[in-house]
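The structure appears below as structure tokens.
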Amino acid sequence: MGVVVEGFREAFRLLVTLNDEVLGITLRTIQVSGSSTLISVLLGIPAGAVVALNRFFGRAFLIDLINFGMGLAPVVVGLAVWLCFTRYGPLGMLNLLYTPTAMIVAQTIIAFPVVTGLTLASIQSVNPKMRLQMLSLGATRGQYLLLLIWEARLGILAAVIAGFGRVISEVGASMMVGGNVRGYTRVLTTATVMEIGKGQFELAMALSILLLLLNFFVVSVMSRLQQRGKI
Amino acid sequence: MLGRFRTMAMGMLLLAVGLAMPWKGETAESGMKDLILATTTSTQDSGLLDDLVPVFEKETGYRVKVIAVGTGHALAMAENGDADVVLCHAPESEKKLVDAGTVTNYQLVMHNDFLIVGPPEDPAGARGKSSVEALKAVMAENGLFISRGDDSGTHKKELSLWKQADISPTGRRNYLETGQGMGATLQMASEKGAYTLTDRGTYLSQKAHLKLEVLSEGEKSLLNIYHVMQVNPYKFTRVNAQGAKAFVGFMIAPQTQKMIGEFGQDKFGQPLFFPDAGKSM
């Protein structure tokens with residue numbers, strides 16, 4: 001229990017004194033996870049909508065893959081991305097290993113199926129009669145798509161929240177492709193693991209509290225958006 | 001409503017640009033200013049590099065990416081040309097890389113020592129014995145021994161001691177392998193009232209949290225020797241040879257050696273490392 005209490009005290013102290021290193025780590029966490037979530041949302045929502053609304057050869061298998069991707073082990077993604085970016089690997093010339101960009105790539109790969117799969121499911125659950133109604137009222141293809149996304153917005157925002165949650169809590173891939181380099185690729189999760197390894201439990205607890213606070217703050221903003229006007 | 005969509009999309013785009021902004025120093029040029037140092041978790045955990053690296057960066061302008069992984073991984077990075085310079089403490093394994101020409105400019109930097117630690121009650125009676133005798137006692141008296149089991153420098157040292165004791169511990173019920181770093185292994189040993197082999201640095205920095213005492217120390221066979229080396233630029237054309245050479249030079253320079261010798265004095269009342277550059281081991 002002492003560790004938890006000390007952890008809270010340490011977290012408070014770090015925030016109030018605006019500890020440079022911790023602030024840097026927190027900012028980087030927001031940047032890396034925020035960017036990955038954003039990219040997966042920009043790609044995932046349209047992708048989910050397209051798969052939901054069209055019939056094409058191999059659609060069932062593609063949906064299998066998307067749903068499989070939702071549970072894809074992040075450490076496996078980390079290993080795969082690492083193998084791609086390693087100096088003599090296929091994308092080695094990009095010099096991206098141990099950079100925040102590599103972390104964003106890995107995290108986007110992790111979040112994308114989550115956003116796509118949940119968007120897909122949400123759009124599929126929009127009442128088919130509503131869809132017919134839109135078409136019968138003369139909606140163009142574009143309007144139809146946007147209206148459906150609007151109707152499915154509860155589930156889609158849940159998709160965004162899920163995608164964000166998945167990447168901000170991710171440690172395996174971030175550690176592998178980022179390298180936990182001080183001042184450069186260290187984020188809250190990788191820093192916590194490192195401090196635990198060093199036996200610095202209070203500091204690890206403090207970093208965990210900061211991570212949870214950050215997660216809660218961002219997610220509650222998104223929840224407000226989601227629940228606006230709903231009972 | 002569609003207008004709201006447009007504003008949302010615009011907002012997201014701006015957000016994306018904003019998030020991407022502070023990525024300074026990721027141009028192609030930064031490639032040559034970056035130096036990848038592969039080292040071990042115990043070295044990083046001691047905190048020594050947190051002191052030395054900023055000095056090096058300030059002097060030379062290189063940005064050092066310290067990648068702290070298990071020894072096996074660090075040496076594998078050297079073998080794949082993924083690192084520019086390596087700081088390690090597994091001389092027998094490093095020798096293979098030197099002989100194969102994978103690394104060059106192999107320089108002795110410093111040493112510290114290993115300790116055998118265990119529960120204060122010491123049920124196996126290891127206290128005061130030589131390292132090999134202590135290990136024999138732990139196995140004979142059914143004490144519990146925790147190994148790192150991760151191919152690290154510490155693990156390799158431990159295996160060499162078992163060899164000297166003529167005991168094969170793997171698979172025995174009182175021998176557990178964590179596959180993790182020194183910190184995690186010490187914590188497990190502390191929780192389970194077990195014995196383990198640790199480097200002095202990690203033990204000292206975690207002592208406050210551990211219920212373990214030093215039971216055997218001080219022999220030559222417990223020496224933990226650190227070398228720094230460059231990954232051979234003729235074998236791997238993408239290494240930052242200049243930066244690596246500068247780092248090796250830095251580690252053996254008199255000023256740095258002095259810093260190494262003083263590290264830890266104020267925090268632990270004893271130095272964590274003993275500088276050795278220029279000596280023969």
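Just remember, in the structure tokens the first chain shown is A, the second B, etc., residues are 1-based per chain, and ligands are 1-based in the order shown.
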**Request:** Select residues of chain B: the criterion is any atom within 7 Å of an atom of chain A, counting only C-alpha atoms; output as a PyMOL selection string.
**Result:** chain B and resi 16+19+45+65-67+82+181+183-184+206
For the residues selected in the previous step, produce a file with N, CA and C atoms as a compact mmCIF listing (two decimals), in the first residue's frame.
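Contents of out37.txt, as written:
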# COMPACT_ATOMS: atom_id res chain seq x y z
N ALA B 16 -3.54 16.64 -36.98
CA ALA B 16 -2.50 15.74 -37.48
C ALA B 16 -1.22 16.51 -37.77
N LEU B 19 0.39 17.53 -34.51
CA LEU B 19 1.06 16.43 -33.84
C LEU B 19 2.38 16.10 -34.50
N ASP B 45 20.81 0.53 -16.14
CA ASP B 45 20.16 0.64 -14.84
C ASP B 45 21.08 1.21 -13.78
N LYS B 65 21.82 7.22 -29.24
CA LYS B 65 20.63 6.45 -28.92
C LYS B 65 21.09 5.23 -28.14
N VAL B 66 20.86 5.27 -26.83
CA VAL B 66 21.28 4.16 -25.99
C VAL B 66 20.20 3.08 -26.03
N ILE B 67 20.52 1.97 -26.64
CA ILE B 67 19.56 0.88 -26.72
C ILE B 67 20.00 -0.19 -25.72
N ASP B 82 23.41 -3.50 -36.76
CA ASP B 82 22.35 -2.58 -36.37
C ASP B 82 22.81 -1.54 -35.37
N GLY B 181 15.73 -9.10 -16.70
CA GLY B 181 16.88 -8.31 -16.29
C GLY B 181 17.23 -8.51 -14.82
N GLY B 183 17.26 -6.42 -12.28
CA GLY B 183 16.33 -5.86 -11.31
C GLY B 183 15.19 -6.82 -11.02
N ALA B 184 14.55 -7.31 -12.07
CA ALA B 184 13.43 -8.23 -11.90
C ALA B 184 13.87 -9.50 -11.19
N GLN B 206 19.28 -1.15 -5.62
CA GLN B 206 17.96 -1.68 -5.25
C GLN B 206 17.90 -2.15 -3.81
**Asked** What lies within 10 Å of B:Tyr203 using only C-alpha atoms, ignoring chain neighbours under 3 positions off, as an NGL selection string?
**Response** (:A and (198-199)) or (:B and (46 or 114-115 or 117 or 182-183 or 186 or 197-200 or 206-210 or 212-214))
Filtering to C-alpha atoms, could you give me those residues as a PDB file, in the first residue's frame?
ATOM      1  CA  LYS A 198      15.292  -0.934 -11.780  1.00  0.00           C
ATOM      2  CA  GLY A 199      13.237  -1.550  -8.682  1.00  0.00           C
TER       3      GLY A 199
ATOM      4  CA  SER B  46      23.310   1.604 -12.937  1.00  0.00           C
ATOM      5  CA  PHE B 114      29.561  -9.776  -9.042  1.00  0.00           C
ATOM      6  CA  LEU B 115      28.164 -10.819  -5.710  1.00  0.00           C
ATOM      7  CA  VAL B 117      23.359 -12.576  -2.503  1.00  0.00           C
ATOM      8  CA  MET B 182      18.861  -8.054 -13.064  1.00  0.00           C
ATOM      9  CA  GLY B 183      16.328  -5.862 -11.312  1.00  0.00           C
ATOM     10  CA  LEU B 186      16.696  -9.614  -7.677  1.00  0.00           C
ATOM     11  CA  LEU B 197      24.259 -13.842  -8.663  1.00  0.00           C
ATOM     12  CA  THR B 198      24.134 -10.090  -9.195  1.00  0.00           C
ATOM     13  CA  ASP B 199      26.433  -7.239 -10.164  1.00  0.00           C
ATOM     14  CA  ARG B 200      27.272  -4.873  -7.346  1.00  0.00           C
ATOM     15  CA  GLN B 206      17.961  -1.677  -5.254  1.00  0.00           C
ATOM     16  CA  LYS B 207      19.144  -2.683  -1.778  1.00  0.00           C
ATOM     17  CA  ALA B 208      16.508  -0.622  -0.017  1.00  0.00           C
ATOM     18  CA  HIS B 209      13.750  -2.689  -1.583  1.00  0.00           C
ATOM     19  CA  LEU B 210      15.371  -6.078  -1.163  1.00  0.00           C
ATOM     20  CA  LEU B 212      18.893  -9.900   0.448  1.00  0.00           C
ATOM     21  CA  GLU B 213      22.397  -9.727   1.870  1.00  0.00           C
ATOM     22  CA  VAL B 214      25.829 -10.134   0.336  1.00  0.00           C
TER      23      VAL B 214
END
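Within stretch 56-103 of chain B, residues classed as strand (DSSP E) by DSSP on backbone coordinates are Arg63, Val64, Lys65, Val66, Ile67, Ala68, Val69, Val85, Val86, Leu87, Cys88 and Val103 of chain B.
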Please, could you write that set of residues out with N, CA and C atoms as a compact mmCIF listing (two decimals), in the first residue's frame?
# COMPACT_ATOMS: atom_id res chain seq x y z
N ARG B 63 24.07 12.61 -31.40
CA ARG B 63 22.95 12.23 -30.55
C ARG B 63 23.06 10.73 -30.34
N VAL B 64 23.28 10.33 -29.09
CA VAL B 64 23.48 8.92 -28.81
C VAL B 64 22.16 8.25 -28.47
N LYS B 65 21.82 7.22 -29.24
CA LYS B 65 20.63 6.45 -28.92
C LYS B 65 21.09 5.23 -28.14
N VAL B 66 20.86 5.27 -26.83
CA VAL B 66 21.28 4.16 -25.99
C VAL B 66 20.20 3.08 -26.03
N ILE B 67 20.52 1.97 -26.64
CA ILE B 67 19.56 0.88 -26.72
C ILE B 67 20.00 -0.19 -25.72
N ALA B 68 19.30 -0.25 -24.60
CA ALA B 68 19.69 -1.18 -23.54
C ALA B 68 18.84 -2.43 -23.64
N VAL B 69 19.49 -3.52 -23.95
CA VAL B 69 18.79 -4.80 -24.12
C VAL B 69 19.62 -5.86 -23.43
N VAL B 85 28.20 1.19 -32.03
CA VAL B 85 29.21 0.95 -31.00
C VAL B 85 28.54 0.15 -29.89
N VAL B 86 29.33 -0.69 -29.23
CA VAL B 86 28.77 -1.60 -28.23
C VAL B 86 29.53 -1.45 -26.92
N LEU B 87 28.79 -1.42 -25.82
CA LEU B 87 29.41 -1.42 -24.48
C LEU B 87 28.83 -2.62 -23.75
N CYS B 88 29.70 -3.58 -23.44
CA CYS B 88 29.18 -4.85 -22.96
C CYS B 88 30.08 -5.42 -21.87
N VAL B 103 33.69 -6.83 -34.78
CA VAL B 103 33.93 -5.58 -34.06
C VAL B 103 35.42 -5.25 -34.10
**Prompt:** Counting only C-alpha atoms, what is within 12 Å of B:Ile116, bar same-chain residues fewer than 6 positions away, as a PyMOL selection string?
**Reply:** chain B and resi 122+126-135+138+145-147+154+157-158+161+186+189+194-200+203+212-219+221-222
Write out, as an mmCIF file, in the first residue's frame, the residues just selected, with N, CA and C atoms.
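Everything below was put into result-v3.cif:
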data_model
loop_
_atom_site.group_PDB
_atom_site.id
_atom_site.type_symbol
_atom_site.label_atom_id
_atom_site.label_comp_id
_atom_site.auth_asym_id
_atom_site.auth_seq_id
_atom_site.Cartn_x
_atom_site.Cartn_y
_atom_site.Cartn_z
ATOM 1 N N ASP B 122 20.090 -17.176 5.523
ATOM 2 C CA ASP B 122 21.082 -18.029 4.856
ATOM 3 C C ASP B 122 20.919 -19.513 5.217
ATOM 4 N N ALA B 126 25.714 -20.303 2.915
ATOM 5 C CA ALA B 126 26.649 -19.885 1.871
ATOM 6 C C ALA B 126 27.572 -18.768 2.322
ATOM 7 N N ARG B 127 27.236 -18.136 3.438
ATOM 8 C CA ARG B 127 27.954 -16.926 3.847
ATOM 9 C C ARG B 127 29.442 -17.190 4.033
ATOM 10 N N GLY B 128 30.258 -16.278 3.445
ATOM 11 C CA GLY B 128 31.696 -16.336 3.651
ATOM 12 C C GLY B 128 32.411 -17.359 2.786
ATOM 13 N N LYS B 129 31.661 -18.213 2.110
ATOM 14 C CA LYS B 129 32.319 -19.222 1.273
ATOM 15 C C LYS B 129 32.773 -18.582 -0.033
ATOM 16 N N SER B 130 33.618 -19.299 -0.753
ATOM 17 C CA SER B 130 33.985 -18.834 -2.088
ATOM 18 C C SER B 130 32.753 -18.996 -2.972
ATOM 19 N N SER B 131 32.768 -18.337 -4.108
ATOM 20 C CA SER B 131 31.574 -18.354 -4.951
ATOM 21 C C SER B 131 31.193 -19.774 -5.341
ATOM 22 N N VAL B 132 32.156 -20.547 -5.772
ATOM 23 C CA VAL B 132 31.870 -21.915 -6.219
ATOM 24 C C VAL B 132 31.347 -22.755 -5.053
ATOM 25 N N GLU B 133 31.995 -22.631 -3.871
ATOM 26 C CA GLU B 133 31.548 -23.384 -2.686
ATOM 27 C C GLU B 133 30.145 -22.957 -2.283
ATOM 28 N N ALA B 134 29.865 -21.657 -2.404
ATOM 29 C CA ALA B 134 28.543 -21.148 -2.044
ATOM 30 C C ALA B 134 27.476 -21.767 -2.933
ATOM 31 N N LEU B 135 27.752 -21.818 -4.237
ATOM 32 C CA LEU B 135 26.778 -22.409 -5.160
ATOM 33 C C LEU B 135 26.549 -23.876 -4.823
ATOM 34 N N VAL B 138 24.269 -24.098 -1.881
ATOM 35 C CA VAL B 138 22.860 -23.808 -2.179
ATOM 36 C C VAL B 138 22.188 -25.031 -2.784
ATOM 37 N N PHE B 145 17.794 -21.219 -5.961
ATOM 38 C CA PHE B 145 18.651 -20.305 -6.714
ATOM 39 C C PHE B 145 17.886 -19.733 -7.904
ATOM 40 N N ILE B 146 17.961 -18.413 -8.069
ATOM 41 C CA ILE B 146 17.277 -17.771 -9.193
ATOM 42 C C ILE B 146 18.322 -17.306 -10.190
ATOM 43 N N SER B 147 18.145 -17.698 -11.437
ATOM 44 C CA SER B 147 19.090 -17.316 -12.484
ATOM 45 C C SER B 147 18.406 -16.336 -13.440
ATOM 46 N N THR B 154 25.813 -11.434 -17.035
ATOM 47 C CA THR B 154 25.666 -11.993 -15.692
ATOM 48 C C THR B 154 25.347 -13.477 -15.772
ATOM 49 N N LYS B 157 28.378 -15.481 -16.717
ATOM 50 C CA LYS B 157 29.298 -15.586 -15.578
ATOM 51 C C LYS B 157 28.774 -16.665 -14.633
ATOM 52 N N GLU B 158 27.481 -16.630 -14.362
ATOM 53 C CA GLU B 158 26.879 -17.614 -13.467
ATOM 54 C C GLU B 158 27.098 -19.030 -13.985
ATOM 55 N N LEU B 161 30.494 -20.313 -13.359
ATOM 56 C CA LEU B 161 30.704 -20.713 -11.967
ATOM 57 C C LEU B 161 30.133 -22.117 -11.715
ATOM 58 N N LEU B 186 16.426 -9.891 -9.093
ATOM 59 C CA LEU B 186 16.696 -9.614 -7.677
ATOM 60 C C LEU B 186 15.393 -9.541 -6.890
ATOM 61 N N ALA B 189 14.148 -12.988 -6.275
ATOM 62 C CA ALA B 189 14.958 -13.660 -5.257
ATOM 63 C C ALA B 189 14.591 -13.153 -3.873
ATOM 64 N N ALA B 194 15.433 -16.409 -1.949
ATOM 65 C CA ALA B 194 16.337 -17.259 -2.743
ATOM 66 C C ALA B 194 17.700 -16.609 -2.909
ATOM 67 N N TYR B 195 18.634 -17.371 -3.485
ATOM 68 C CA TYR B 195 19.982 -16.891 -3.748
ATOM 69 C C TYR B 195 20.086 -16.522 -5.220
ATOM 70 N N THR B 196 20.967 -15.558 -5.522
ATOM 71 C CA THR B 196 21.213 -15.245 -6.919
ATOM 72 C C THR B 196 22.572 -14.578 -7.087
ATOM 73 N N LEU B 197 23.015 -14.530 -8.336
ATOM 74 C CA LEU B 197 24.259 -13.842 -8.663
ATOM 75 C C LEU B 197 23.883 -12.475 -9.229
ATOM 76 N N THR B 198 24.472 -11.420 -8.706
ATOM 77 C CA THR B 198 24.134 -10.090 -9.195
ATOM 78 C C THR B 198 25.393 -9.239 -9.313
ATOM 79 N N ASP B 199 25.323 -8.190 -10.125
ATOM 80 C CA ASP B 199 26.433 -7.239 -10.164
ATOM 81 C C ASP B 199 26.234 -6.255 -9.006
ATOM 82 N N ARG B 200 27.341 -5.725 -8.532
ATOM 83 C CA ARG B 200 27.272 -4.873 -7.346
ATOM 84 C C ARG B 200 26.401 -3.645 -7.593
ATOM 85 N N TYR B 203 22.651 -4.304 -7.379
ATOM 86 C CA TYR B 203 22.305 -4.664 -6.004
ATOM 87 C C TYR B 203 22.266 -3.419 -5.107
ATOM 88 N N LEU B 212 17.768 -9.044 0.824
ATOM 89 C CA LEU B 212 18.893 -9.900 0.448
ATOM 90 C C LEU B 212 20.179 -9.321 1.007
ATOM 91 N N GLU B 213 21.106 -10.196 1.381
ATOM 92 C CA GLU B 213 22.397 -9.727 1.870
ATOM 93 C C GLU B 213 23.521 -10.313 1.028
ATOM 94 N N VAL B 214 24.674 -9.636 1.069
ATOM 95 C CA VAL B 214 25.829 -10.134 0.336
ATOM 96 C C VAL B 214 26.415 -11.313 1.097
ATOM 97 N N LEU B 215 26.548 -12.458 0.446
ATOM 98 C CA LEU B 215 27.046 -13.647 1.124
ATOM 99 C C LEU B 215 28.423 -14.070 0.619
ATOM 100 N N SER B 216 28.737 -13.709 -0.612
ATOM 101 C CA SER B 216 30.046 -14.084 -1.140
ATOM 102 C C SER B 216 30.496 -12.999 -2.119
ATOM 103 N N GLU B 217 31.733 -12.560 -1.919
ATOM 104 C CA GLU B 217 32.238 -11.503 -2.801
ATOM 105 C C GLU B 217 33.755 -11.518 -2.827
ATOM 106 N N GLY B 218 34.300 -10.733 -3.750
ATOM 107 C CA GLY B 218 35.725 -10.394 -3.690
ATOM 108 C C GLY B 218 36.700 -11.260 -4.444
ATOM 109 N N GLU B 219 36.261 -12.334 -5.100
ATOM 110 C CA GLU B 219 37.272 -13.136 -5.804
ATOM 111 C C GLU B 219 37.512 -12.654 -7.209
ATOM 112 N N SER B 221 37.352 -14.497 -9.809
ATOM 113 C CA SER B 221 36.382 -15.087 -10.731
ATOM 114 C C SER B 221 35.068 -14.319 -10.733
ATOM 115 N N LEU B 222 34.893 -13.411 -9.766
ATOM 116 C CA LEU B 222 33.657 -12.634 -9.747
ATOM 117 C C LEU B 222 33.810 -11.272 -10.404
#
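Taking only C-alpha atoms, the non-local environment of A:Asn215 within 8 Å (same-chain residues fewer than 4 positions away omitted) comprises A:Gly165, A:Ile168, A:Leu211, A:Val219.
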**Asked** Excluding same-chain residues fewer than 4 positions from A:Thr189, what lies within 10 Å of it counting only C-alpha atoms, as a ChimeraX atom specification?
**Response** /A:25-26,29,168-172,174-175,180,193-194,204,207-208,211
**Asked** Between B:Pro119, B:Gly149, B:Gly101, B:Pro275, which one has atoms that come closest to B:Thr185, using only C-alpha atoms?
**Response**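 Smallest distance to B:Thr185 is found for B:Gly149.
Restricting the calculation to only C-alpha atoms, the smallest distance between A:Ser220 and any of A:Ala60, A:Leu157, A:Ile110, A:Ala102 is found for A:Leu157.
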**Request:** Write out as a ChimeraX atom specification the residues lying within 9 Å of B:Ala90, counting only C-alpha atoms and excluding same-chain residues fewer than 5 positions away.
**Result:** /B:71,95,152-154,156-157,224-227
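With distances taken over only C-alpha atoms, A:Leu120 is the one residue among A:Leu120, A:Ala152, A:Met130, A:Leu23 lying closest to A:Leu62.
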**Request:** Could you please determine the separation between atom CA of B:Tyr234 and atom CA of B:His111 in Å, to one decimal place?
**Result:**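 Computing the Euclidean distance for atom CA of B:Tyr234 and atom CA of B:His111 yields 29.3 Å.
Here the question is which of B:Thr170, B:Ser160, B:Ser42, B:Thr104 gets nearest to B:Pro233 using only C-alpha atoms, and that residue is B:Thr104.
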